[in-house]
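Beneath this line is the structure, given in structure tokens, with notes to follow.
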Amino acid sequence: MKAVCWMGTEKMTVETVPDPKILNPRDAIVRITSTCICGSDLHLYNGLMPTMEQGDIMGHEFMGEVVEIGAGVDREKLKVGDRVVVPFTIACGRCFFCQQELWSCCDNSNPNYWIAEKLMGYSPAGLFGYTHMLGGYAGGQAQYARVPFADVGPLRIPAGIPDEQVVFLSDIFPTGYMGAENCNIKPGDTVAIWGCGPVGQFAIRSAFILGAERVIAIDRFDYRLQLAEEGGAETINYAGVDDVVQLLKDMTGNIGPDACIDAVGMEAHYTGPMWAIDRTKQALKLQPDRPGVLRQVIMACRKGGTVSVPGVYGGFIDKMPMGAYVNKALTMKTGQTHMMRYMKPLLELIQGGKIDPSFVVSHRVPIDKAPEMYKAFRDKQDHCTKVVLDPWANAAAA
Amino acid sequence: MSEAARIHLRNAQGRRLHRTATAFRWGALITGGALTLIGLSKRSKSGVAIATAGGLLSFAGAKAGVRQREMIARSSILLNCTPEQAYQFWSNFENLPLFMRHLESVTLTGENRSRWTAIGPLGKRVRWDAEIAFDRKDDVIAWRSLPDSEIYIDGIVKFRNAPANRGTIITVVVVYQPPAGAIGGTLARILGKDPSFMMRQDLRRMKALIETGEIPTVEGQSHGPRSGVAAVARVINPDDPIKGEGKLSDIARARRRVS
């Protein structure tokens, strides 16, 4: 089959690899019909996440048809022929954490948990198409994928809804939604969201669904801010602003936003001297993460407010404004998305016509074009917001 | 001090004592050897005295022989099942190789007796017989190697209810006394630098098996071309047991299959 493989920093290639096999009783094999490139894949593309290995298959946002299931899969929950969206976190469904609905903290799905334990104390769940520290599971930017614990994660999708409307249930829609839900939104609240990439876009719309009065979106690309405005947000292009924190205070009667979302993560862009310092430290591997947005989010949030971090961080940060965090009595909520908590209710929102997630798609291309799309997505060329790959389309015909 | 903390401390002291003993041994051998040479080269009465002292010191160093240190592994884990289920699983020792990576087999040989085979790097095997020393249903099992075994291994596993119906916490303590020589060397290599780490890995596999019915794995999945360096590292990985004939060619083949 064809698969997008990580062959080194900024080196993605489409390789022909063996088709996946069932390895454990609760595995299923899915024939993939749509698969996407995620912003968090760019951290791997840029070589910033440790424990990747040459030849790893990328991708954690995919859907398709079940073509084979193992002997241990609960037939009530999954059958051959089912059309499913596969969540990016892998969960066993039986451990203490799964039973608390902390699905992304599953205790049993990461075979390389000990590497994560060294870095983080405990290991989160395994993920598709990510680092070996998080399991090293082969990903879904391919024609087929092996899905472990297949009777827990995959969500059955009824016929009649196009792929583009439901494929983002695999990650970014629930991730944006959980980012907004973590804000503990109350009537009248103002939510400020840093980053208008796909997760930010879904966080904007989810914040309104959850009852926010105002959403203020911050980015530096006008085409993304345009999309945010279409979602109902007020926007700030920080590239033309001296002091984002002061501007937010001015926009909110000096109170500040009730909740702030960092939908950017470890590769943030910002201005000022700290940008140059952090960029240099990251290049020299002195600091894996570039935390400019996280610092700003903590400074900007109103007293007693909530900071929600769906953005991805990999390791350690410097100059965390802990004094502001403590003295302003802030709450921070984070986590990889507890996917299985959100997929079904969000599918119902889509079916009810409350939201059509396909608004975020900017590019639909055959899988063979994946390598160039990684570059375009990272460099924000050609107004790239979200890339959907067709694993079966013929590149020559496209 | 908690039992866990005591064992940590004892292992650390053991490592220190072992290092000190090794240093003494080599120090005595080298100094004694040097004194002997100096004494012999003097060809005088004092030379003979120096050579004799050197010889005695060398002898003491050689005789001191560093006794293999005792190693203790201790780990505990929360299982999402009742103590009865956990006890039932563990009390059948033939289940242990399902999750203990370095155990090739445990065969019951009598009512309370069993034959254990562990497998080390390069397919080297260590065998011993064990008997159940103490057994209280749904609570505790203790076992020990038989007195005439080449290896001394005592183990105990305790099952207790976690609070608020959160399942069962099992705690396992195993004490290993590797003998000198090849068998002790193989056992020491199996246990590695941190026997508790190995135990923790085994218990994680047991947890997955009991809770989900399988042990998570990515071995054998599809991938693109790997780099040559990684392939070599995988083939020569000294920590990996290979359940096969133990010939180098088998190991290379098995590792290629895995990668």
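Here, A, B, ... name the chains of the structure tokens in the order displayed, residue numbers run from 1 inside each chain, and ligands are numbered from 1 in the same displayed order.
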
Give one line per residue of chain A that approaches chain B to at most 8 Å, naming the two atoms of the closest pair and their distance in Å to one decimal, counting only C-alpha atoms; sort by chain then ascending residue number and deliver it as CSV.
residue,atom,partner,partner_atom,distance
A:Ala3,CA,B:Gly224,CA,7.9
A:Cys5,CA,B:Gly224,CA,6.0
A:Glu15,CA,B:Gly224,CA,6.3
A:Thr16,CA,B:Gly224,CA,7.4
A:Val17,CA,B:Gly224,CA,5.8
A:Pro18,CA,B:Ser222,CA,5.8
A:Asp19,CA,B:Ser222,CA,6.6
A:Pro20,CA,B:Ser222,CA,5.5
A:Lys21,CA,B:Gln221,CA,6.9
A:Leu23,CA,B:Gly220,CA,7.3
A:Asn24,CA,B:Glu214,CA,6.7
A:Pro25,CA,B:Glu214,CA,7.1
A:Arg26,CA,B:Glu214,CA,7.8
A:Glu53,CA,B:Arg226,CA,7.4
A:Gln54,CA,B:Arg226,CA,5.3
A:Gly55,CA,B:Gly224,CA,3.9
A:Asp56,CA,B:His223,CA,5.5
A:Ile57,CA,B:His223,CA,5.9
A:Cys92,CA,B:Thr212,CA,6.4
A:Gly93,CA,B:Thr212,CA,8.0
A:Arg94,CA,B:Glu211,CA,5.9
A:Cys95,CA,B:Asn80,CA,6.1
A:Phe96,CA,B:Asn80,CA,6.5
A:Asn108,CA,B:Ala208,CA,5.4
A:Ser109,CA,B:Pro216,CA,5.8
A:Asn110,CA,B:Pro216,CA,6.8
A:Pro111,CA,B:Pro216,CA,5.4
A:Trp114,CA,B:Gln201,CA,8.0
A:Gly135,CA,B:Val218,CA,7.5
A:Gly136,CA,B:Val218,CA,6.9
A:Tyr137,CA,B:Val218,CA,6.0
A:Ala138,CA,B:Ser222,CA,6.8

Write to file, as a compact mmCIF listing (two decimals), in the first residue's frame, the residues of the selection just made, with C-alpha atoms.
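And here's again.txt as it stands now:
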# COMPACT_ATOMS: atom_id res chain seq x y z
CA ALA A 3 1.92 5.45 2.96
CA CYS A 5 6.62 8.08 5.80
CA GLU A 15 6.54 4.87 0.09
CA THR A 16 5.11 1.54 -0.92
CA VAL A 17 5.00 -0.55 2.26
CA PRO A 18 3.42 -3.90 3.24
CA ASP A 19 -0.30 -3.81 4.05
CA PRO A 20 -1.01 -3.83 7.81
CA LYS A 21 -1.87 -7.09 9.56
CA LEU A 23 -1.39 -8.26 15.48
CA ASN A 24 -3.65 -8.49 18.52
CA PRO A 25 -7.13 -9.97 19.03
CA ARG A 26 -8.88 -6.61 19.41
CA GLU A 53 12.39 6.77 13.65
CA GLN A 54 13.06 6.83 9.94
CA GLY A 55 10.30 4.92 8.12
CA ASP A 56 7.49 5.71 10.59
CA ILE A 57 4.09 6.04 8.93
CA CYS A 92 -8.43 0.21 25.93
CA GLY A 93 -11.78 1.07 27.52
CA ARG A 94 -11.14 -1.09 30.60
CA CYS A 95 -8.53 0.64 32.77
CA PHE A 96 -9.11 3.07 35.64
CA ASN A 108 -2.78 0.18 28.59
CA SER A 109 -2.42 1.48 25.04
CA ASN A 110 1.18 2.71 24.98
CA PRO A 111 3.65 -0.17 24.57
CA TRP A 114 8.43 3.63 30.00
CA GLY A 135 3.50 4.23 21.19
CA GLY A 136 4.98 4.48 17.71
CA TYR A 137 1.79 3.14 16.14
CA ALA A 138 1.78 3.26 12.34

For the alpha helix (DSSP H) assignment from backbone DSSP, which residues of range 29-235 of chain A qualify? Please present them as JSON, numbers by chain. {"A": [39, 40, 41, 42, 43, 44, 45, 96, 97, 98, 99, 113, 114, 115, 116, 117, 118, 119, 120, 163, 164, 165, 166, 172, 173, 174, 175, 176, 177, 178, 179, 180, 181, 198, 199, 200, 201, 202, 203, 204, 205, 206, 207, 208, 209, 222, 223, 224, 225, 226, 227, 228, 229, 230]}

Please produce a file of the residues just selected, as a short mmCIF file (atom, residue, chain, number, x, y, z; two decimals), in the first residue's frame, where the atoms kept are N, CA and C atoms.
data_model
loop_
_atom_site.label_atom_id
_atom_site.label_comp_id
_atom_site.auth_asym_id
_atom_site.auth_seq_id
_atom_site.Cartn_x
_atom_site.Cartn_y
_atom_site.Cartn_z
N GLY A 39 -1.89 20.00 12.29
CA GLY A 39 -0.87 20.95 12.73
C GLY A 39 0.18 20.28 13.60
N SER A 40 -0.23 19.28 14.39
CA SER A 40 0.76 18.62 15.26
C SER A 40 1.71 17.74 14.45
N ASP A 41 1.31 17.35 13.22
CA ASP A 41 2.24 16.64 12.35
C ASP A 41 3.41 17.54 11.95
N LEU A 42 3.16 18.86 11.96
CA LEU A 42 4.23 19.79 11.56
C LEU A 42 5.37 19.79 12.58
N HIS A 43 5.06 19.51 13.86
CA HIS A 43 6.14 19.42 14.85
C HIS A 43 7.08 18.26 14.49
N LEU A 44 6.50 17.18 13.95
CA LEU A 44 7.31 16.04 13.53
C LEU A 44 8.08 16.41 12.26
N TYR A 45 7.36 17.06 11.32
CA TYR A 45 7.98 17.49 10.07
C TYR A 45 9.21 18.36 10.36
N PHE A 96 -8.60 2.04 34.72
CA PHE A 96 -9.11 3.07 35.64
C PHE A 96 -9.39 4.38 34.90
N PHE A 97 -8.47 4.78 34.03
CA PHE A 97 -8.58 6.08 33.38
C PHE A 97 -9.70 6.08 32.32
N CYS A 98 -9.78 5.02 31.53
CA CYS A 98 -10.85 4.93 30.54
C CYS A 98 -12.20 4.96 31.24
N GLN A 99 -12.29 4.29 32.40
CA GLN A 99 -13.57 4.25 33.09
C GLN A 99 -13.93 5.59 33.71
N TYR A 113 5.41 2.91 27.11
CA TYR A 113 5.06 3.81 28.21
C TYR A 113 6.29 4.21 29.02
N TRP A 114 7.30 3.35 29.10
CA TRP A 114 8.43 3.63 30.00
C TRP A 114 9.25 4.82 29.52
N ILE A 115 9.25 5.07 28.20
CA ILE A 115 9.97 6.26 27.71
C ILE A 115 9.23 7.50 28.19
N ALA A 116 7.88 7.48 28.04
CA ALA A 116 7.08 8.62 28.47
C ALA A 116 7.20 8.81 29.98
N GLU A 117 7.27 7.70 30.73
CA GLU A 117 7.38 7.81 32.19
C GLU A 117 8.66 8.53 32.60
N LYS A 118 9.73 8.28 31.82
CA LYS A 118 11.00 8.96 32.14
C LYS A 118 10.85 10.47 31.99
N LEU A 119 10.10 10.90 30.96
CA LEU A 119 10.00 12.33 30.66
C LEU A 119 8.88 13.00 31.43
N MET A 120 7.78 12.27 31.69
CA MET A 120 6.60 12.92 32.23
C MET A 120 6.10 12.31 33.55
N ASP A 163 -17.58 12.32 3.69
CA ASP A 163 -16.35 12.22 4.50
C ASP A 163 -15.94 13.58 5.08
N GLU A 164 -15.95 14.60 4.24
CA GLU A 164 -15.42 15.91 4.65
C GLU A 164 -16.13 16.50 5.85
N GLN A 165 -17.39 16.08 6.05
CA GLN A 165 -18.13 16.64 7.18
C GLN A 165 -17.80 15.91 8.48
N VAL A 166 -17.34 14.67 8.38
CA VAL A 166 -17.14 13.88 9.61
C VAL A 166 -15.69 13.51 9.90
N ILE A 172 -9.43 17.26 15.22
CA ILE A 172 -9.47 18.71 15.42
C ILE A 172 -10.81 19.26 15.91
N PHE A 173 -11.93 18.68 15.49
CA PHE A 173 -13.21 19.20 15.97
C PHE A 173 -13.35 18.91 17.47
N PRO A 174 -13.22 17.65 17.92
CA PRO A 174 -13.26 17.40 19.37
C PRO A 174 -12.18 18.15 20.14
N THR A 175 -10.99 18.32 19.53
CA THR A 175 -9.90 19.02 20.22
C THR A 175 -10.25 20.49 20.43
N GLY A 176 -10.79 21.13 19.39
CA GLY A 176 -11.24 22.52 19.54
C GLY A 176 -12.39 22.62 20.53
N TYR A 177 -13.27 21.62 20.48
CA TYR A 177 -14.44 21.63 21.37
C TYR A 177 -14.00 21.47 22.83
N MET A 178 -13.10 20.53 23.07
CA MET A 178 -12.64 20.32 24.45
C MET A 178 -11.88 21.56 24.93
N GLY A 179 -11.13 22.21 24.02
CA GLY A 179 -10.44 23.45 24.38
C GLY A 179 -11.44 24.49 24.87
N ALA A 180 -12.59 24.56 24.21
CA ALA A 180 -13.62 25.53 24.62
C ALA A 180 -14.34 25.05 25.88
N GLU A 181 -14.64 23.77 25.94
CA GLU A 181 -15.34 23.24 27.11
C GLU A 181 -14.51 23.44 28.38
N PRO A 198 -6.88 25.21 12.22
CA PRO A 198 -8.11 24.41 12.30
C PRO A 198 -8.64 24.21 13.72
N VAL A 199 -7.76 23.93 14.69
CA VAL A 199 -8.24 23.74 16.07
C VAL A 199 -8.81 25.04 16.61
N GLY A 200 -8.13 26.16 16.35
CA GLY A 200 -8.63 27.46 16.77
C GLY A 200 -10.00 27.75 16.16
N GLN A 201 -10.15 27.42 14.88
CA GLN A 201 -11.44 27.66 14.21
C GLN A 201 -12.56 26.87 14.88
N PHE A 202 -12.27 25.62 15.22
CA PHE A 202 -13.32 24.82 15.88
C PHE A 202 -13.54 25.30 17.32
N ALA A 203 -12.48 25.80 17.95
CA ALA A 203 -12.65 26.33 19.31
C ALA A 203 -13.54 27.57 19.28
N ILE A 204 -13.37 28.42 18.27
CA ILE A 204 -14.21 29.63 18.13
C ILE A 204 -15.67 29.22 18.05
N ARG A 205 -15.97 28.30 17.14
CA ARG A 205 -17.37 27.92 16.93
C ARG A 205 -17.92 27.17 18.13
N SER A 206 -17.06 26.34 18.77
CA SER A 206 -17.51 25.59 19.94
C SER A 206 -17.79 26.54 21.11
N ALA A 207 -16.97 27.59 21.25
CA ALA A 207 -17.18 28.55 22.34
C ALA A 207 -18.57 29.19 22.20
N PHE A 208 -18.94 29.53 20.98
CA PHE A 208 -20.29 30.09 20.78
C PHE A 208 -21.37 29.06 21.08
N ILE A 209 -21.13 27.80 20.62
CA ILE A 209 -22.11 26.74 20.90
C ILE A 209 -22.29 26.58 22.41
N ASP A 222 -4.14 37.05 7.55
CA ASP A 222 -5.47 37.63 7.32
C ASP A 222 -6.47 36.60 6.82
N TYR A 223 -6.00 35.63 5.99
CA TYR A 223 -6.99 34.67 5.46
C TYR A 223 -7.54 33.79 6.57
N ARG A 224 -6.75 33.53 7.60
CA ARG A 224 -7.25 32.74 8.73
C ARG A 224 -8.15 33.59 9.63
N LEU A 225 -7.77 34.88 9.79
CA LEU A 225 -8.62 35.77 10.59
C LEU A 225 -9.98 35.98 9.90
N GLN A 226 -9.94 35.99 8.56
CA GLN A 226 -11.18 36.09 7.78
C GLN A 226 -12.12 34.93 8.12
N LEU A 227 -11.53 33.72 8.15
CA LEU A 227 -12.32 32.52 8.48
C LEU A 227 -12.87 32.61 9.91
N ALA A 228 -12.06 33.19 10.81
CA ALA A 228 -12.51 33.36 12.20
C ALA A 228 -13.68 34.33 12.27
N GLU A 229 -13.60 35.40 11.48
CA GLU A 229 -14.70 36.37 11.45
C GLU A 229 -15.97 35.72 10.93
N GLU A 230 -15.81 34.84 9.93
CA GLU A 230 -16.98 34.14 9.42
C GLU A 230 -17.62 33.27 10.51
#

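Distances to Met339 in chain A were evaluated for A:Val67, A:Val85, A:Cys38, A:Ile29 using only C-alpha atoms, and the minimum falls at A:Val85.
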
Please identify all polymer residues within 10 Å of Pro391 in chain A, counting only C-alpha atoms, omitting same-chain residues fewer than 6 positions from it, and present them as a list of chain:residue names.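 Everything that qualifies: A:Met1, A:Lys2, A:Ala3, A:Val4, A:Arg31, A:Ile32, A:Thr33, A:Ser34, A:Thr35, A:Gly140, A:Gln141, A:Ala142, A:Gln143, A:Tyr144, A:Val365, A:Pro366, A:Ile367, A:Asp368, A:Ala370.
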
Take CA of Tyr270 in chain A and CA of Gly292 in chain A and report the distance between them in Å, one decimal.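 These atoms are spaced 6.3 Å apart.
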
Could you name the residues that touch Arg74 in chain B at 10 Å or less, counting only C-alpha atoms, but leaving out those on the same chain fewer than 6 positions away, as a ChimeraX atom specification? /B:3-4,7-8,155-157,171-175,195-200
